[in-house]
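**Q** Here you go, this is my_file_3.txt (compact mmCIF, C-alpha atoms and all ligand atoms).
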```txt
# COMPACT_ATOMS: atom_id res chain seq x y z
CA MET A 19 -9.49 33.64 51.00
CA LYS A 20 -9.17 33.84 47.24
CA LEU A 21 -10.60 30.79 45.54
CA PRO A 22 -8.55 29.49 42.65
CA THR A 23 -10.23 29.83 39.27
CA ARG A 24 -10.45 26.93 36.91
CA SER A 25 -8.04 27.23 34.03
CA LYS A 26 -9.45 27.84 30.55
CA SER A 27 -10.47 24.66 28.80
CA TYR A 28 -7.73 23.40 26.50
CA MET A 29 -8.97 22.45 23.10
CA ILE A 30 -6.92 21.32 20.16
CA PRO A 31 -8.47 22.13 16.76
CA GLU A 32 -9.05 18.94 14.78
CA TYR A 33 -8.52 18.75 11.03
CA SER A 34 -9.63 15.91 8.84
CA LEU A 35 -7.67 14.97 5.75
CA THR A 36 -10.59 14.82 3.38
CA GLY A 37 -13.18 17.04 5.10
CA ASP A 38 -10.77 19.91 5.76
CA LEU A 39 -7.53 19.63 3.80
CA LEU A 40 -8.89 18.57 0.41
CA SER A 41 -12.02 20.67 0.82
CA TYR A 42 -10.05 23.84 1.67
CA ILE A 43 -7.68 23.27 -1.24
CA THR A 44 -10.70 23.15 -3.61
CA CYS A 45 -11.76 26.64 -2.47
CA GLY A 46 -11.21 28.35 0.89
CA LEU A 47 -14.41 30.39 0.83
CA GLN A 48 -16.60 27.45 -0.19
CA TYR A 49 -14.98 25.44 2.60
CA ARG A 50 -15.80 28.23 5.08
CA TYR A 51 -19.48 28.34 4.13
CA GLN A 52 -19.91 24.58 3.95
CA ASN A 53 -17.75 23.30 6.79
CA LYS A 54 -17.39 26.07 9.31
CA GLY A 55 -20.81 27.56 8.57
CA THR A 56 -22.35 24.04 8.51
CA LEU A 57 -24.29 24.87 5.37
CA PRO A 58 -24.60 21.62 3.43
CA PRO A 59 -24.45 22.04 -0.35
CA SER A 60 -27.90 22.07 -1.98
CA LYS A 61 -27.09 19.41 -4.61
CA PRO A 62 -23.90 17.76 -3.44
CA VAL A 63 -23.82 15.12 -6.15
CA GLN A 64 -20.05 14.71 -6.28
CA ARG A 65 -19.98 14.28 -2.51
CA TRP A 66 -22.99 11.94 -2.67
CA PHE A 67 -21.27 9.60 -5.10
CA GLY A 68 -18.00 9.56 -3.14
CA GLU A 69 -19.81 8.63 0.07
CA PHE A 70 -22.12 6.20 -1.73
CA ILE A 71 -19.32 4.18 -3.31
CA HIS A 72 -17.32 4.08 -0.07
CA GLY A 73 -20.42 2.86 1.81
CA VAL A 74 -21.20 0.25 -0.85
CA MET A 75 -17.65 -1.15 -0.82
CA GLU A 76 -17.58 -1.30 2.99
CA GLU A 77 -20.95 -3.10 3.22
CA ALA A 78 -20.03 -5.42 0.38
CA TYR A 79 -16.83 -6.37 2.21
CA LEU A 80 -18.78 -7.16 5.39
CA ASP A 81 -21.27 -9.26 3.38
CA TRP A 82 -18.39 -11.13 1.76
CA LYS A 83 -16.65 -11.65 5.11
CA TYR A 84 -19.65 -12.96 7.03
CA GLN A 85 -21.65 -14.65 4.28
CA LYS A 86 -18.76 -15.89 2.14
CA LYS A 87 -20.61 -15.09 -1.09
CA GLU A 88 -18.88 -16.25 -4.28
CA PHE A 89 -18.07 -13.78 -7.05
CA PRO A 90 -19.44 -12.56 -9.41
CA TRP A 91 -22.29 -11.08 -7.41
CA ASP A 92 -25.69 -10.69 -8.98
CA TRP A 93 -26.57 -7.02 -9.13
CA LYS A 94 -30.29 -7.33 -8.35
CA GLU A 95 -29.97 -9.94 -5.60
CA ASP A 96 -26.66 -9.12 -3.93
CA ILE A 97 -25.77 -5.52 -4.75
CA ARG A 98 -29.02 -3.61 -5.08
CA PRO A 99 -30.02 -4.19 -1.40
CA ILE A 100 -26.65 -2.71 -0.36
CA GLU A 101 -27.24 0.33 -2.62
CA ASP A 102 -30.67 0.88 -1.05
CA GLN A 103 -29.25 0.71 2.44
CA ILE A 104 -26.44 3.19 1.71
CA ASP A 105 -28.78 5.52 -0.21
CA LEU A 106 -31.14 5.65 2.79
CA ARG A 107 -28.24 6.34 5.15
CA LEU A 108 -27.12 9.25 2.96
CA GLN A 109 -30.66 10.63 2.65
CA VAL A 110 -30.79 10.94 6.45
CA ARG A 111 -27.74 13.21 6.12
CA GLY A 112 -29.38 15.28 3.36
CA LEU A 113 -27.35 13.75 0.53
CA TYR A 114 -29.30 12.75 -2.59
CA PRO A 115 -28.27 11.49 -6.04
CA TYR A 116 -29.55 12.83 -9.35
CA ASP A 117 -32.52 10.75 -10.48
CA GLU A 118 -30.62 9.44 -13.47
CA ASP A 119 -27.77 8.14 -11.30
CA LEU A 120 -29.60 5.56 -9.18
CA PHE A 121 -32.59 3.26 -9.50
CA PHE A 122 -35.28 3.94 -6.93
CA SER A 123 -37.74 1.28 -7.98
CA ILE A 124 -35.78 -1.92 -8.37
CA ASN A 125 -36.95 -3.46 -5.10
CA GLN A 126 -40.55 -2.32 -5.38
CA PRO A 127 -43.20 -5.06 -5.67
CA GLY A 128 -43.90 -5.86 -9.30
CA SER A 129 -40.64 -4.40 -10.52
CA ASN A 130 -38.77 -6.71 -12.80
CA LEU A 131 -35.71 -4.65 -13.72
CA THR A 132 -32.33 -6.30 -14.06
CA LEU A 133 -28.83 -5.08 -14.58
CA ASP A 134 -29.42 -5.43 -18.34
CA ASP A 135 -31.86 -2.54 -18.07
CA LEU A 136 -28.97 -0.30 -17.18
CA ASN A 137 -27.66 1.61 -20.10
CA GLU A 138 -24.40 2.57 -18.48
CA HIS A 139 -22.90 3.78 -21.75
CA ASP A 140 -25.57 6.43 -22.02
CA HIS A 141 -24.83 7.69 -18.53
CA LYS A 142 -28.00 6.16 -17.07
CA LYS A 143 -28.08 4.87 -13.49
CA LEU A 144 -24.40 5.37 -13.46
CA ALA A 145 -23.90 4.91 -9.72
CA SER A 146 -25.40 1.41 -9.86
CA ALA A 147 -23.27 0.41 -12.83
CA ARG A 148 -20.16 1.62 -11.03
CA ALA A 149 -21.07 -0.12 -7.77
CA GLU A 150 -21.60 -3.40 -9.60
CA LYS A 151 -18.31 -3.13 -11.45
CA ALA A 152 -16.35 -1.97 -8.39
CA ILE A 153 -17.49 -5.03 -6.41
CA ASN A 154 -17.12 -7.64 -9.12
CA PHE A 155 -13.96 -6.17 -10.68
CA TRP A 156 -11.93 -5.06 -7.64
CA GLY A 157 -13.85 -6.54 -4.69
CA LYS A 158 -13.11 -10.13 -5.55
CA ASP A 159 -9.35 -9.44 -5.52
CA LEU A 160 -9.37 -6.86 -2.76
CA PHE A 161 -11.60 -8.36 -0.06
CA PRO A 162 -9.39 -11.44 0.63
CA LEU A 163 -6.43 -9.12 1.29
CA ILE A 164 -8.14 -6.86 3.85
CA ASP A 165 -6.88 -6.76 7.45
CA SER A 166 -9.02 -3.80 8.56
CA SER A 167 -11.42 -1.47 6.85
CA GLU A 168 -12.63 2.04 7.70
CA LEU A 169 -9.78 2.43 10.17
CA LEU A 170 -9.80 5.77 12.04
CA ILE A 171 -6.28 7.14 12.57
CA LYS A 172 -5.30 10.27 14.48
CA GLY A 173 -2.20 12.28 15.27
CA VAL A 174 -1.10 15.59 16.78
CA ARG A 175 1.30 18.18 15.36
CA PRO A 176 2.66 21.49 16.60
CA MET A 177 0.56 24.43 15.38
CA PRO A 178 2.38 26.08 12.46
CA ASN A 179 3.30 29.75 13.03
CA TYR A 180 2.18 29.50 16.64
CA ASP A 181 1.75 32.85 18.40
CA LYS A 182 0.63 32.71 22.02
CA ASN A 183 -1.35 35.95 21.68
CA THR A 184 -3.32 35.08 18.58
CA SER A 185 -3.22 31.33 17.90
CA ARG A 186 -6.07 29.20 19.16
CA SER A 187 -3.78 26.41 20.33
CA ASN A 188 -0.15 25.33 20.25
CA TYR A 189 -1.06 21.95 18.70
CA TYR A 190 -3.55 20.71 16.16
CA GLY A 191 -4.98 17.26 15.54
CA ILE A 192 -5.14 15.41 12.20
CA ASN A 193 -7.55 12.58 11.63
CA GLY A 194 -8.40 10.39 8.68
CA VAL A 195 -10.16 7.18 7.84
CA VAL A 196 -8.18 4.58 5.90
CA ASP A 197 -10.54 2.70 3.58
CA VAL A 198 -8.56 -0.52 3.63
CA LEU A 199 -5.42 -1.70 5.36
CA THR A 200 -3.68 -4.87 4.34
CA SER A 201 -0.35 -6.25 5.48
CA THR A 202 1.79 -8.75 3.74
CA LYS A 203 5.31 -9.99 3.26
CA ILE A 204 6.41 -8.96 -0.21
CA ASN A 205 8.47 -12.10 -0.70
CA ARG A 206 5.32 -14.10 0.02
CA ILE A 207 3.58 -12.16 -2.73
CA HIS A 208 6.52 -12.88 -5.05
CA ASP A 209 6.24 -16.58 -4.34
CA GLN A 210 3.92 -17.96 -7.01
CA SER A 211 3.08 -21.04 -4.92
CA ASN A 212 1.75 -19.07 -1.96
CA LEU A 213 -1.84 -18.69 -0.81
CA TYR A 214 -2.63 -16.21 -3.61
CA ASP A 215 -2.95 -19.06 -6.05
CA TYR A 216 -5.31 -17.32 -8.43
CA ASP A 217 -4.68 -14.44 -10.77
CA ASN A 218 -5.23 -11.58 -8.31
CA LYS A 219 -4.95 -8.20 -10.10
CA ILE A 220 -3.96 -6.33 -6.93
CA VAL A 221 -1.29 -8.86 -5.95
CA ASN A 222 0.10 -8.78 -9.51
CA PHE A 223 0.18 -4.99 -9.36
CA ILE A 224 2.02 -4.96 -6.02
CA ARG A 225 4.51 -7.50 -7.42
CA GLN A 226 5.28 -5.18 -10.33
CA HIS A 227 6.03 -2.26 -8.03
CA MET A 228 7.99 -3.93 -5.24
CA GLU A 229 11.59 -5.08 -5.18
CA GLU A 230 12.02 -8.84 -5.65
CA SER A 231 14.52 -9.01 -2.81
CA ASP A 232 12.32 -7.24 -0.31
CA ASP A 233 11.33 -9.67 2.41
CA GLU A 234 10.11 -7.20 5.01
CA ASP A 235 6.58 -7.03 6.31
CA TYR A 236 4.67 -4.32 4.50
CA GLU A 237 1.43 -2.54 5.12
CA ILE A 238 -0.56 -1.37 2.11
CA ILE A 239 -2.94 1.53 2.57
CA ILE A 240 -5.73 1.38 -0.01
CA ASP A 241 -8.00 4.31 -0.75
CA TYR A 242 -11.05 4.35 -3.04
CA LYS A 243 -11.84 7.42 -5.07
CA GLY A 244 -15.24 7.98 -6.67
CA MET A 245 -13.69 9.76 -9.65
CA LYS A 246 -11.61 9.25 -12.79
CA ARG A 247 -7.81 9.11 -12.71
CA PRO A 248 -6.61 12.73 -12.45
CA PRO A 249 -4.26 14.26 -15.02
CA LEU A 250 -0.57 14.60 -14.12
CA GLU A 251 -0.83 18.36 -14.28
CA VAL A 252 -3.58 20.97 -14.33
CA SER A 253 -3.96 23.50 -17.14
CA ASP A 254 -5.96 26.02 -15.07
CA PRO A 255 -3.81 27.48 -12.24
CA HIS A 256 -6.97 27.75 -10.08
CA SER A 257 -7.73 24.05 -10.42
CA GLU A 258 -6.94 21.65 -7.64
CA ASP A 259 -3.97 19.40 -8.44
CA LYS A 260 -5.75 16.16 -7.58
CA TRP A 261 -2.85 13.98 -8.75
CA GLU A 262 -0.53 15.51 -6.19
CA ASN A 263 -3.14 15.91 -3.45
CA HIS A 264 -4.12 12.24 -3.53
CA LYS A 265 -0.48 11.30 -3.10
CA GLN A 266 -0.18 13.71 -0.15
CA GLN A 267 -3.26 12.13 1.39
CA ILE A 268 -1.74 8.63 1.32
CA LEU A 269 1.58 9.94 2.62
CA THR A 270 -0.18 11.65 5.53
CA TYR A 271 -2.19 8.50 6.27
CA SER A 272 1.07 6.58 6.38
CA TRP A 273 2.51 9.04 8.91
CA LEU A 274 -0.62 8.79 11.07
CA ARG A 275 -0.51 5.01 10.82
CA SER A 276 3.18 4.95 11.81
CA LYS A 277 2.17 6.53 15.14
CA GLN A 278 -0.01 3.53 15.99
CA GLU A 279 1.49 0.76 18.09
CA ASP A 280 0.68 -2.17 15.82
CA SER A 281 1.92 -0.51 12.61
CA LYS A 282 4.65 -2.08 10.48
CA ALA A 283 7.85 -0.23 9.60
CA ASN A 284 7.28 -0.31 5.83
CA CYS A 285 4.30 1.03 4.06
CA ALA A 286 3.03 1.62 0.53
CA GLY A 287 -0.20 3.02 -0.88
CA ILE A 288 -2.68 2.10 -3.59
CA ILE A 289 -5.48 4.31 -4.92
CA LEU A 290 -8.41 2.83 -6.82
CA TYR A 291 -10.09 5.33 -9.16
CA LEU A 292 -13.44 3.58 -9.44
CA ASN A 293 -15.03 5.74 -12.17
CA GLU A 294 -12.49 4.39 -14.65
CA LEU A 295 -14.39 1.08 -14.61
CA VAL A 296 -17.51 2.79 -16.01
CA PRO A 297 -16.49 6.21 -17.28
CA SER A 298 -19.23 8.73 -18.02
CA LYS A 299 -19.33 10.80 -21.19
CA GLU A 300 -17.80 13.72 -19.28
CA ASP A 301 -15.02 11.46 -18.03
CA LEU A 302 -14.26 10.23 -21.54
CA VAL A 303 -14.11 13.77 -22.93
CA LEU A 304 -11.47 14.56 -20.32
CA ILE A 305 -9.57 11.29 -20.86
CA LYS A 306 -9.43 12.02 -24.60
CA GLU A 307 -8.20 15.56 -23.97
CA GLU A 308 -5.53 14.29 -21.55
CA ILE A 309 -4.28 11.67 -24.02
CA LEU A 310 -4.10 14.26 -26.81
CA ASN A 311 -2.21 16.72 -24.60
CA ASP A 312 0.09 14.12 -23.07
CA MET A 313 -1.21 14.87 -19.58
CA THR A 314 -1.77 11.35 -18.31
CA ASP A 315 0.56 8.54 -17.21
CA ILE A 316 -1.79 5.81 -18.52
CA PRO A 317 -1.48 4.84 -21.30
CA GLU A 318 2.27 5.01 -21.52
CA GLU A 319 3.92 5.14 -24.94
CA ASP A 320 3.12 2.11 -27.16
CA GLU A 321 0.57 0.83 -24.69
CA PHE A 322 -3.07 0.03 -25.34
CA SER A 323 -3.02 1.19 -28.96
CA ASP A 324 -6.50 -0.28 -29.70
CA ASP A 325 -8.06 1.53 -26.74
CA ILE A 326 -6.36 4.80 -27.66
CA GLU A 327 -7.63 4.53 -31.21
CA LEU A 328 -11.19 3.93 -29.97
CA ILE A 329 -10.99 6.94 -27.65
CA LEU A 330 -9.46 9.28 -30.21
CA GLU A 331 -12.05 8.34 -32.83
CA TRP A 332 -14.92 8.69 -30.40
CA GLN A 333 -17.15 11.78 -30.66
CA GLU A 334 -19.53 12.98 -27.95
CA ASP A 335 -22.63 11.89 -29.86
CA ASP A 336 -21.31 8.38 -30.47
CA LYS A 337 -21.97 5.32 -28.35
CA MET A 338 -19.37 4.83 -25.65
CA PRO A 339 -16.40 2.79 -26.95
CA ASN A 340 -15.87 -0.72 -25.67
CA LEU A 341 -12.57 -0.33 -23.84
CA SER A 342 -10.54 -3.36 -22.75
CA ASP A 343 -10.49 -4.59 -19.17
CA GLU A 344 -6.70 -4.26 -19.19
CA PHE A 345 -6.94 -0.57 -20.06
CA LYS A 346 -9.58 0.03 -17.37
CA THR A 347 -7.50 -1.85 -14.79
CA ALA A 348 -4.37 0.15 -15.60
CA ARG A 349 -6.21 3.48 -15.35
CA SER A 350 -8.11 2.49 -12.23
CA ILE A 351 -5.15 1.56 -10.01
CA ARG A 352 -2.26 3.77 -8.85
CA PHE A 353 0.74 2.92 -6.73
CA ILE A 354 2.15 5.41 -4.20
CA LYS A 355 5.69 4.83 -2.95
CA ILE A 356 6.24 6.02 0.58
CA ASN A 357 9.50 7.33 1.97
CA ASP A 358 10.43 9.69 4.80
CA GLU A 359 11.34 12.61 2.56
CA GLU A 360 8.04 12.53 0.63
CA ARG A 361 6.12 12.06 3.86
CA GLU A 362 7.78 15.11 5.43
CA LYS A 363 6.86 17.20 2.36
CA ALA A 364 3.22 16.08 2.63
CA LEU A 365 3.09 16.97 6.32
CA LYS A 366 4.59 20.39 5.67
CA LYS A 367 1.85 20.97 3.10
CA PHE A 368 -0.79 19.95 5.63
CA ASP A 369 0.81 22.41 8.09
CA ARG A 370 0.59 25.20 5.51
CA VAL A 371 -3.10 24.54 4.86
CA VAL A 372 -3.85 24.46 8.60
CA SER A 373 -1.92 27.70 9.02
CA ASP A 374 -4.01 29.35 6.24
CA ILE A 375 -7.30 28.11 7.74
CA GLU A 376 -6.30 29.22 11.24
CA SER A 377 -5.26 32.67 10.04
CA SER A 378 -8.59 33.11 8.16
CA LEU A 379 -10.47 32.00 11.27
CA VAL A 380 -8.57 34.45 13.47
CA LYS A 381 -9.21 37.29 10.96
CA GLU A 382 -12.92 36.49 11.02
CA MET A 383 -12.97 36.34 14.82
CA LYS A 384 -11.47 39.84 14.82
CA GLY A 385 -14.38 41.15 12.74
CA CYS A 386 -13.10 40.85 9.18
CA LYS A 387 -15.87 40.15 6.61
CA ILE A 388 -16.09 36.49 5.57
CA GLN A 389 -15.33 37.16 1.90
CA ASP A 390 -12.28 39.19 2.85
CA ALA A 391 -11.00 36.71 5.43
CA TRP A 392 -11.09 33.59 3.23
CA LYS A 393 -9.25 32.92 0.00
CA ALA A 394 -11.72 32.36 -2.84
CA GLU A 395 -10.07 30.68 -5.81
CA ALA A 396 -11.42 27.81 -7.84
CA ASP A 397 -11.64 26.59 -11.41
CA LYS A 398 -14.68 27.28 -13.60
CA ARG A 399 -16.14 23.80 -13.06
CA THR A 400 -16.08 24.13 -9.25
CA CYS A 401 -17.53 27.65 -9.37
CA SER A 402 -20.34 26.65 -11.74
CA ALA A 403 -21.52 24.00 -9.23
CA CYS A 404 -20.99 26.22 -6.16
CA ASP A 405 -24.03 27.35 -4.14
CA PHE A 406 -22.33 30.66 -3.34
CA ARG A 407 -21.50 31.68 -6.90
CA THR A 408 -24.24 34.32 -7.11
CA PHE A 409 -22.65 36.50 -4.47
CA CYS A 410 -19.00 35.41 -4.54
CA LYS A 411 -16.79 38.19 -5.90
CA ASN A 412 -14.26 35.68 -7.23
CA ASN A 413 -16.62 33.40 -9.08
CA SER A 414 -14.73 32.29 -12.18
CA ASP A 415 -17.87 31.08 -13.97
CA ILE A 416 -19.38 34.41 -14.96
CA THR A 417 -22.20 33.56 -17.33
CA LYS A 418 -24.94 35.73 -18.74
CA ASP A 419 -27.53 33.85 -16.65
CA PHE A 420 -26.76 35.82 -13.54
CA LYS A 421 -24.85 38.92 -12.51
CA ILE A 422 -22.56 39.30 -9.56
CA PRO A 423 -23.75 42.24 -7.50
S1 LIG A 501 -17.98 30.69 -6.56
FE1 LIG A 501 -15.99 29.75 -6.89
S2 LIG A 501 -14.50 31.09 -5.86
FE2 LIG A 501 -16.55 31.60 -5.09
S3 LIG A 501 -16.85 30.38 -3.24
FE3 LIG A 501 -17.72 29.21 -4.92
S4 LIG A 501 -16.04 27.89 -5.62
FE4 LIG A 501 -15.13 29.51 -4.39
```
Go through the file and emit its structure as structure tokens.
**A**
Amino acid sequence: MKLPTRSKSYMIPEYSLTGDLLSYITCGLQYRYQNKGTLPPSKPVQRWFGEFIHGVMEEAYLDWKYQKKEFPWDWKEDIRPIEDQIDLRLQVRGLYPYDEDLFFSINQPGSNLTLDDLNEHDHKKLASARAEKAINFWGKDLFPLIDSSELLIKGVRPMPNYDKNTSRSNYYGINGVVDVLTSTKINRIHDQSNLYDYDNKIVNFIRQHMEESDDEDYEIIIDYKGMKRPPLEVSDPHSEDKWENHKQQILTYSWLRSKQEDSKANCAGIILYLNELVPSKEDLVLIKEEILNDMTDIPEEDEFSDDIELILEWQEDDKMPNLSDEFKTARSIRFIKINDEEREKALKKFDRVVSDIESSLVKEMKGCKIQDAWKAEADKRTCSACDFRTFCKNNSDITKDFKIP
């Protein structure tokens, strides 16, 4: 008697929105070495700060929820212990900050440092300065609105360009983690006498962007970004278009969320660019360049003339200018409108990226060399911080310090 054989295990490849999509878009080859080859970057500072600020905001929200601490929070007493905890968690995963980005000694016996010891304008202990501002500036308005935080959402889509002889699977999975989800009736937000009886910057911002007449229940997806507001367009064709990609990310989250049973029919998105609260020197150089070249949406014409003047007069050796809170708020928050057409475009883009990754994987499985199987294209800034730049044939940061073999 012939015994039946067990069918081959059926596995659907999983793709994460940030870990795969955004990472692959930055550079395919770097993504291959870091994600598929599980080689962590040697000095992943950008990644460290992104994960640090997300962790700090999440822990701060839990502290606020369970301990009902009043704002403003004291940095040394309330915020520094959270920073320590998140820093240790990241160290376990091999992620470390630059020494000048985070205090190590604040909680040591005998240490008497305070927030005043931070010289944020000179780019010292920048991560701490940003954490403190993010909590006291946005946290106090954001935390009361939160329904859920760090919400994992998943969905399945047909594999693009599926071929039963070569494709790994006929479906692929998308997953993402929504930083914050809040739901509200817009007409309740429009009603000045409602429960939001204080001047909440986020509520005011939603009011400005929603229709007065809209009385439907809305969900707002909120995402934190540990970076400055991106320019509207990129000058280098190899650079990642962060402005567009962040929008696609929110649109894809909204699609994933719509697949969940308890989701609401209407959805909008908000992105908080947290570095705008305490910009570094490098950030300000870019902001100045973007204002001069008309590449940013904030400030709009005739807006924030004092802040613009300060920025345009500022030189790299000067002290950082004292920008207004209104200017920082406007640059730090971005509204994303969600509709079916835009959402479909974002999903098609995700499909295209998955198709590219899958085809590179299949090429490699068939014996093609890694550097030939994966697209290597990035801007000079990404290449100069890339661990693989010494042997990558497409490195765009060719300096005299090293030669590509
Ligand atoms: S050096 Fe540049 S092109 Fe090469 S892998 Fe690194 S980021 Fe990509």
**Q** Please report the interatomic distance between atom CA of Arg247 of chain A and atom CA of Asn357 of chain A in Å with one decimal.
**A**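 So the two atoms, atom CA of Arg247 of chain A and atom CA of Asn357 of chain A, lie 22.8 Å apart.
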**Q** Could you state the separation of atom CA of Leu80 of chain A and atom CA of Lys94 of chain A in Å, given to one decimal place?
**A** 17.9 Å
**Q** Nearest to Glu344 of chain A: which of A:Glu294, A:Glu376, A:Glu362, A:Glu308 is it, counting all atoms listed in the file?
**A**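 Checking each candidate against Glu344 of chain A, we get A:Glu294 as the closest.
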**Q** Write as an NGL selection string the residues around ligand LIG 501 (chain A), taking 10 Å as the cut-off and counting all atoms listed in the file.
**A** :A and (42 or 44-52 or 256 or 389 or 392-416)
**Q** Just the number, please: distance in Å from atom CA of Leu106 of chain A to atom CA of Glu69 of chain A, one decimal.
**A**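 Atom-to-atom, atom CA of Leu106 of chain A and atom CA of Glu69 of chain A are spaced 12.0 Å apart.
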**Q** A:Glu300, A:Glu279, A:Glu307, A:Glu237: which is nearest Ser253 of chain A, counting all atoms listed in the file?
**A**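 Comparing A:Glu300, A:Glu279, A:Glu307, A:Glu237 against Ser253 of chain A, the winner is A:Glu307.
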**Q** From the list A:Ser350, A:Asn53, A:Gln103, A:Thr36, which residue is nearest Trp156 of chain A when using only C-alpha atoms?
**A**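 Smallest distance to Trp156 of chain A is found for A:Ser350.
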**Q** So that all listed atoms of segment 318-330 of chain A fit with 8 Å spare on each side, what axis-aligned box centre and edge lengths in Å, to one decimal, would you give as JSON?
**A**
```
{"center_x": -3.6, "center_y": 4.5, "center_z": -26.4, "size_x": 31.1, "size_y": 25.6, "size_z": 25.7}
```
**Q** Using only C-alpha atoms, which of the listed residues (A:Leu341, A:Met245, A:Ile238, A:Met75) sits closest to Val221 of chain A?
**A** A:Ile238
**Q** In terms of the shortest atom-to-atom distance over all atoms listed in the file, which of A:Arg352, A:Lys277, A:Lys54, A:Arg107 is closest to Arg175 of chain A?
**A**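 Between A:Arg352, A:Lys277, A:Lys54, A:Arg107, the residue approaching Arg175 of chain A most closely is A:Lys277.
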**Q** Under the rule that all atoms listed in the file are counted, which of A:Ala391, A:Ala348, A:Val380, A:Ile104 is the nearest residue to Thr314 of chain A?
**A**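 Checking each candidate against Thr314 of chain A, we get A:Ala348 as the closest.
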**Q** So that I can check the surroundings of Asn179 of chain A, please list as a list of chain:residue names every protein, DNA and RNA residue that reaches within 12 Å of it, counting all atoms listed in the file and ignoring chain neighbours fewer than 6 positions away.
**A** A:Ser185, A:Arg186, A:Ser187, A:Asn188, A:Tyr189, A:Tyr190, A:Lys366, A:Asp369, A:Arg370, A:Val371, A:Val372, A:Ser373, A:Asp374, A:Ile375, A:Glu376, A:Ser377
**Q** Would you be able to write out as a VMD selection string which residues have an atom within 12 Å of (0.3, 5.3, 14.8) in the file's coordinates, counting all atoms listed in the file?
**A** chain A and resid 169 to 174 192 to 194 270 to 283
**Q** Need the shell around Arg349 of chain A: protein/DNA/RNA residues with any atom at most 10 Å away, counting all atoms listed in the file. Skip same-chain ones fewer than 6 positions apart. Format as a PDB file with C-alpha atoms, in the frame of the given file?
**A**
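The result, stored in out_15.pdb:
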```pdb
ATOM      1  CA  LYS A 246     -11.610   9.250 -12.790  1.00  0.00           C
ATOM      2  CA  ARG A 247      -7.810   9.110 -12.710  1.00  0.00           C
ATOM      3  CA  PRO A 248      -6.610  12.730 -12.450  1.00  0.00           C
ATOM      4  CA  LEU A 290      -8.410   2.830  -6.820  1.00  0.00           C
ATOM      5  CA  TYR A 291     -10.090   5.330  -9.160  1.00  0.00           C
ATOM      6  CA  LEU A 292     -13.440   3.580  -9.440  1.00  0.00           C
ATOM      7  CA  ASN A 293     -15.030   5.740 -12.170  1.00  0.00           C
ATOM      8  CA  GLU A 294     -12.490   4.390 -14.650  1.00  0.00           C
ATOM      9  CA  LEU A 295     -14.390   1.080 -14.610  1.00  0.00           C
ATOM     10  CA  THR A 314      -1.770  11.350 -18.310  1.00  0.00           C
ATOM     11  CA  ASP A 315       0.560   8.540 -17.210  1.00  0.00           C
ATOM     12  CA  ILE A 316      -1.790   5.810 -18.520  1.00  0.00           C
ATOM     13  CA  PRO A 317      -1.480   4.840 -21.300  1.00  0.00           C
ATOM     14  CA  ASP A 343     -10.490  -4.590 -19.170  1.00  0.00           C
TER      15      ASP A 343
END
```
**Q** Neighbouring residues of segment 159-165 of chain A were defined as those with any atom within 7 Å, considering all atoms listed in the file; residues of the same chain fewer than 4 positions away were excluded. Please report them as a list in words.
**A**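 What passes the distance filter is Tyr79, Val198, Leu199, Thr200, Ser201, Asn218, Lys219 and Ile220 of chain A.
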